[in-house]
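Raw model32.txt, compact mmCIF, N, CA and C atoms:
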```txt
# COMPACT_ATOMS: atom_id res chain seq x y z
N MET A 1 0.81 -1.19 0.00
CA MET A 1 0.00 0.00 0.00
C MET A 1 0.86 1.26 0.00
N GLU A 2 1.99 1.23 0.72
CA GLU A 2 2.89 2.38 0.75
C GLU A 2 3.42 2.70 -0.63
N ALA A 3 3.78 1.67 -1.37
CA ALA A 3 4.34 1.87 -2.71
C ALA A 3 3.31 2.53 -3.62
N VAL A 4 2.07 2.08 -3.55
CA VAL A 4 1.01 2.66 -4.38
C VAL A 4 0.80 4.13 -4.02
N LEU A 5 0.78 4.42 -2.74
CA LEU A 5 0.62 5.79 -2.28
C LEU A 5 1.76 6.67 -2.79
N GLY A 6 2.97 6.18 -2.70
CA GLY A 6 4.13 6.92 -3.20
C GLY A 6 4.08 7.15 -4.69
N ILE A 7 3.68 6.13 -5.44
CA ILE A 7 3.59 6.26 -6.90
C ILE A 7 2.52 7.26 -7.29
N VAL A 8 1.36 7.19 -6.65
CA VAL A 8 0.27 8.14 -6.95
C VAL A 8 0.71 9.57 -6.61
N ALA A 9 1.35 9.75 -5.45
CA ALA A 9 1.84 11.07 -5.07
C ALA A 9 2.85 11.59 -6.09
N GLY A 10 3.75 10.73 -6.53
CA GLY A 10 4.74 11.13 -7.53
C GLY A 10 4.12 11.52 -8.85
N ILE A 11 3.13 10.75 -9.27
CA ILE A 11 2.45 11.05 -10.55
C ILE A 11 1.71 12.38 -10.45
N LEU A 12 1.02 12.62 -9.34
CA LEU A 12 0.31 13.89 -9.18
C LEU A 12 1.27 15.07 -9.15
N THR A 13 2.38 14.91 -8.45
CA THR A 13 3.40 15.98 -8.42
C THR A 13 3.95 16.21 -9.82
N MET A 14 4.24 15.14 -10.52
CA MET A 14 4.79 15.25 -11.86
C MET A 14 3.82 15.94 -12.81
N CYS A 15 2.54 15.61 -12.69
CA CYS A 15 1.54 16.14 -13.62
C CYS A 15 1.02 17.52 -13.22
N GLY A 16 1.40 18.01 -12.05
CA GLY A 16 0.89 19.28 -11.57
C GLY A 16 1.17 20.45 -12.50
N ILE A 17 2.26 20.41 -13.22
CA ILE A 17 2.64 21.51 -14.10
C ILE A 17 1.99 21.41 -15.48
N VAL A 18 1.44 20.26 -15.82
CA VAL A 18 0.89 20.05 -17.17
C VAL A 18 -0.20 21.06 -17.54
N PRO A 19 -1.18 21.36 -16.67
CA PRO A 19 -2.18 22.35 -17.06
C PRO A 19 -1.56 23.72 -17.38
N GLN A 20 -0.52 24.10 -16.64
CA GLN A 20 0.14 25.39 -16.90
C GLN A 20 0.86 25.36 -18.23
N ILE A 21 1.50 24.25 -18.56
CA ILE A 21 2.17 24.12 -19.85
C ILE A 21 1.17 24.23 -20.99
N VAL A 22 0.05 23.52 -20.87
CA VAL A 22 -0.98 23.55 -21.91
C VAL A 22 -1.52 24.97 -22.07
N LYS A 23 -1.81 25.63 -20.95
CA LYS A 23 -2.34 26.99 -21.01
C LYS A 23 -1.33 27.94 -21.67
N ALA A 24 -0.08 27.86 -21.27
CA ALA A 24 0.95 28.73 -21.84
C ALA A 24 1.15 28.46 -23.32
N TYR A 25 1.16 27.20 -23.67
CA TYR A 25 1.37 26.82 -25.08
C TYR A 25 0.23 27.34 -25.96
N LYS A 26 -1.00 27.18 -25.48
CA LYS A 26 -2.16 27.61 -26.28
C LYS A 26 -2.30 29.13 -26.33
N SER A 27 -2.11 29.79 -25.19
CA SER A 27 -2.34 31.23 -25.12
C SER A 27 -1.12 32.06 -25.49
N LYS A 28 0.04 31.44 -25.46
CA LYS A 28 1.32 32.13 -25.70
C LYS A 28 1.54 33.23 -24.66
N GLN A 29 0.93 33.07 -23.49
CA GLN A 29 1.04 34.04 -22.39
C GLN A 29 1.75 33.39 -21.21
N VAL A 30 2.85 33.99 -20.77
CA VAL A 30 3.58 33.48 -19.61
C VAL A 30 3.96 34.61 -18.65
N ASP A 31 3.38 35.78 -18.84
CA ASP A 31 3.76 36.94 -18.03
C ASP A 31 3.55 36.73 -16.54
N ASP A 32 2.57 35.94 -16.14
CA ASP A 32 2.27 35.73 -14.73
C ASP A 32 2.94 34.49 -14.14
N VAL A 33 3.76 33.81 -14.92
CA VAL A 33 4.43 32.61 -14.42
C VAL A 33 5.75 33.02 -13.78
N SER A 34 5.97 32.55 -12.57
CA SER A 34 7.18 32.90 -11.83
C SER A 34 8.33 31.95 -12.19
N ARG A 35 9.38 32.52 -12.75
CA ARG A 35 10.57 31.70 -13.06
C ARG A 35 11.23 31.21 -11.78
N GLY A 36 11.22 32.06 -10.75
CA GLY A 36 11.81 31.66 -9.46
C GLY A 36 11.13 30.43 -8.90
N MET A 37 9.79 30.39 -8.98
CA MET A 37 9.04 29.24 -8.49
C MET A 37 9.46 27.99 -9.27
N LEU A 38 9.55 28.12 -10.57
CA LEU A 38 9.93 26.96 -11.40
C LEU A 38 11.33 26.48 -11.05
N MET A 39 12.25 27.40 -10.81
CA MET A 39 13.62 27.00 -10.46
C MET A 39 13.67 26.31 -9.10
N ILE A 40 12.86 26.79 -8.16
CA ILE A 40 12.81 26.15 -6.84
C ILE A 40 12.22 24.74 -6.95
N ILE A 41 11.14 24.61 -7.69
CA ILE A 41 10.53 23.28 -7.89
C ILE A 41 11.51 22.35 -8.58
N MET A 42 12.21 22.86 -9.61
CA MET A 42 13.18 22.03 -10.31
C MET A 42 14.32 21.60 -9.38
N SER A 43 14.74 22.47 -8.49
CA SER A 43 15.77 22.10 -7.52
C SER A 43 15.27 20.98 -6.62
N GLY A 44 14.04 21.11 -6.14
CA GLY A 44 13.47 20.09 -5.27
C GLY A 44 13.32 18.74 -5.95
N VAL A 45 12.72 18.73 -7.14
CA VAL A 45 12.53 17.44 -7.81
C VAL A 45 13.86 16.88 -8.32
N GLY A 46 14.81 17.77 -8.61
CA GLY A 46 16.15 17.29 -8.97
C GLY A 46 16.81 16.57 -7.80
N LEU A 47 16.67 17.16 -6.60
CA LEU A 47 17.23 16.51 -5.41
C LEU A 47 16.49 15.22 -5.08
N TRP A 48 15.17 15.21 -5.29
CA TRP A 48 14.41 13.96 -5.08
C TRP A 48 14.88 12.88 -6.05
N THR A 49 15.22 13.27 -7.26
CA THR A 49 15.72 12.31 -8.24
C THR A 49 17.04 11.70 -7.76
N VAL A 50 17.94 12.56 -7.28
CA VAL A 50 19.22 12.07 -6.74
C VAL A 50 18.97 11.15 -5.54
N TYR A 51 18.05 11.56 -4.67
CA TYR A 51 17.69 10.72 -3.53
C TYR A 51 17.19 9.35 -3.99
N GLY A 52 16.33 9.35 -5.01
CA GLY A 52 15.82 8.09 -5.56
C GLY A 52 16.93 7.22 -6.11
N ILE A 53 17.90 7.86 -6.74
CA ILE A 53 19.04 7.10 -7.28
C ILE A 53 19.84 6.48 -6.13
N LEU A 54 20.09 7.28 -5.09
CA LEU A 54 20.85 6.77 -3.95
C LEU A 54 20.11 5.63 -3.24
N LYS A 55 18.80 5.69 -3.20
CA LYS A 55 17.98 4.66 -2.55
C LYS A 55 17.58 3.54 -3.52
N ASP A 56 17.94 3.69 -4.79
CA ASP A 56 17.58 2.73 -5.83
C ASP A 56 16.07 2.51 -5.86
N ASP A 57 15.33 3.64 -5.86
CA ASP A 57 13.87 3.62 -5.84
C ASP A 57 13.35 4.13 -7.19
N ILE A 58 13.00 3.20 -8.05
CA ILE A 58 12.61 3.52 -9.43
C ILE A 58 11.42 4.49 -9.51
N PRO A 59 10.33 4.29 -8.73
CA PRO A 59 9.22 5.24 -8.82
C PRO A 59 9.64 6.68 -8.47
N ILE A 60 10.47 6.85 -7.45
CA ILE A 60 10.95 8.19 -7.10
C ILE A 60 11.80 8.76 -8.22
N ILE A 61 12.65 7.96 -8.78
CA ILE A 61 13.53 8.41 -9.86
C ILE A 61 12.70 8.85 -11.07
N ILE A 62 11.81 8.00 -11.51
CA ILE A 62 11.05 8.28 -12.74
C ILE A 62 10.13 9.47 -12.58
N THR A 63 9.34 9.49 -11.52
CA THR A 63 8.37 10.59 -11.39
C THR A 63 9.05 11.93 -11.19
N ASN A 64 10.12 11.96 -10.42
CA ASN A 64 10.80 13.23 -10.18
C ASN A 64 11.66 13.67 -11.36
N ALA A 65 12.24 12.73 -12.07
CA ALA A 65 12.99 13.10 -13.28
C ALA A 65 12.04 13.67 -14.33
N LEU A 66 10.88 13.06 -14.49
CA LEU A 66 9.90 13.59 -15.44
C LEU A 66 9.36 14.94 -14.98
N ALA A 67 9.14 15.11 -13.68
CA ALA A 67 8.70 16.40 -13.15
C ALA A 67 9.76 17.47 -13.42
N PHE A 68 11.03 17.11 -13.28
CA PHE A 68 12.13 18.03 -13.58
C PHE A 68 12.07 18.46 -15.04
N LEU A 69 11.88 17.50 -15.94
CA LEU A 69 11.82 17.82 -17.37
C LEU A 69 10.60 18.68 -17.71
N LEU A 70 9.45 18.36 -17.14
CA LEU A 70 8.24 19.14 -17.42
C LEU A 70 8.38 20.57 -16.91
N ASN A 71 8.90 20.73 -15.70
CA ASN A 71 9.10 22.07 -15.17
C ASN A 71 10.18 22.81 -15.95
N GLY A 72 11.18 22.09 -16.42
CA GLY A 72 12.20 22.69 -17.28
C GLY A 72 11.62 23.18 -18.60
N TYR A 73 10.70 22.41 -19.14
CA TYR A 73 10.03 22.83 -20.38
C TYR A 73 9.20 24.09 -20.14
N MET A 74 8.51 24.14 -18.99
CA MET A 74 7.74 25.33 -18.67
C MET A 74 8.66 26.53 -18.49
N LEU A 75 9.80 26.33 -17.86
CA LEU A 75 10.78 27.41 -17.71
C LEU A 75 11.26 27.88 -19.08
N LEU A 76 11.52 26.94 -19.97
CA LEU A 76 11.92 27.30 -21.34
C LEU A 76 10.83 28.12 -22.02
N LEU A 77 9.58 27.73 -21.84
CA LEU A 77 8.47 28.50 -22.43
C LEU A 77 8.45 29.93 -21.90
N THR A 78 8.80 30.12 -20.62
CA THR A 78 8.78 31.49 -20.08
C THR A 78 9.81 32.37 -20.77
N TYR A 79 10.89 31.78 -21.22
CA TYR A 79 11.90 32.56 -21.95
C TYR A 79 11.51 32.75 -23.42
N LYS A 80 10.93 31.73 -24.02
CA LYS A 80 10.55 31.83 -25.43
C LYS A 80 9.35 32.74 -25.66
N LEU A 81 8.40 32.74 -24.72
CA LEU A 81 7.14 33.46 -24.94
C LEU A 81 7.05 34.78 -24.19
N LYS A 82 8.05 35.11 -23.37
CA LYS A 82 8.00 36.35 -22.59
C LYS A 82 8.04 37.55 -23.52
N LYS A 83 7.15 38.50 -23.26
CA LYS A 83 7.08 39.70 -24.11
C LYS A 83 8.00 40.78 -23.60
```

As structure tokens, what does this structure read like?
Amino acid sequence: MEAVLGIVAGILTMCGIVPQIVKAYKSKQVDDVSRGMLMIIMSGVGLWTVYGILKDDIPIIITNALAFLLNGYMLLLTYKLKK
């Protein structure tokens, strides 16, 4: 049961940025998106990824590495679409 809870939590954390990415991509508006917030989140999920590697915990590694990439993509959008 613990593993399922951890996997669901990881998936929800990973997918949390997806609605913002979709909105930014469709509207081409990123003026209200905080780059600082994205960098802090990326630091956190990056450290969680390293922690997962050290603990050899595949669900932690996968969900946090994907969260890092998704937040990185959103950060990239803030630079590409910023007016």

### Task
Do a neighbour search on Cys15 in chain A at 8 Å with all atoms listed in the file, toss out local chain neighbours closer than 5 positions, and write the hits as a VMD selection string.
chain A and resid 9 to 10 20 63 66 to 67

### Task
Place a sphere of radius 12 Å on (3.5, 29.0, -22.9) in the file coordinates and name every protein, DNA or RNA residue with an atom inside or on its surface, counting only C-alpha atoms; give the answer as a PyMOL selection string.
chain A and resi 17-33+71+73-83

### Task
For Asn64 in chain A, work out the shell of residues within 8 Å, counting all atoms listed in the file and skipping chain neighbours fewer than 5 positions away, then give it as an NGL selection string.
:A and (10-11 or 13-14 or 44-50 or 58-59 or 69-70)

### Message
Give me, as a PyMOL selection string, the residues of chain A that a backbone DSSP run labels alpha helix (DSSP H).
### Response
chain A and resi 2-15+18-27+35-55+58-81

### atom N of Ser43 in chain A to atom N of Gly6 in chain A, straight-line distance in Å
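According to the coordinates, atom N of Gly6 in chain A and atom N of Ser43 in chain A are separated by 20.9 Å.
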
### Query
Quick one: distance from atom C of Met42 in chain A to atom C of Glu2 in chain A in Å, one decimal?
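Taking atom C of Met42 in chain A as the start and atom C of Glu2 in chain A as the end point, the length is 23.5 Å.
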
### Query
What does the distance from CA of Lys55 in chain A to CA of Met37 in chain A come to in Å, to one decimal?
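Computing the Euclidean distance for CA of Lys55 in chain A and CA of Met37 in chain A yields 26.8 Å.
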
### Query
So which one's closest to Leu38 in chain A, A:Asp57, A:Phe68, A:Val8, A:Met1? Using only C-alpha atoms, please.
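The closest residue to Leu38 in chain A is A:Phe68.
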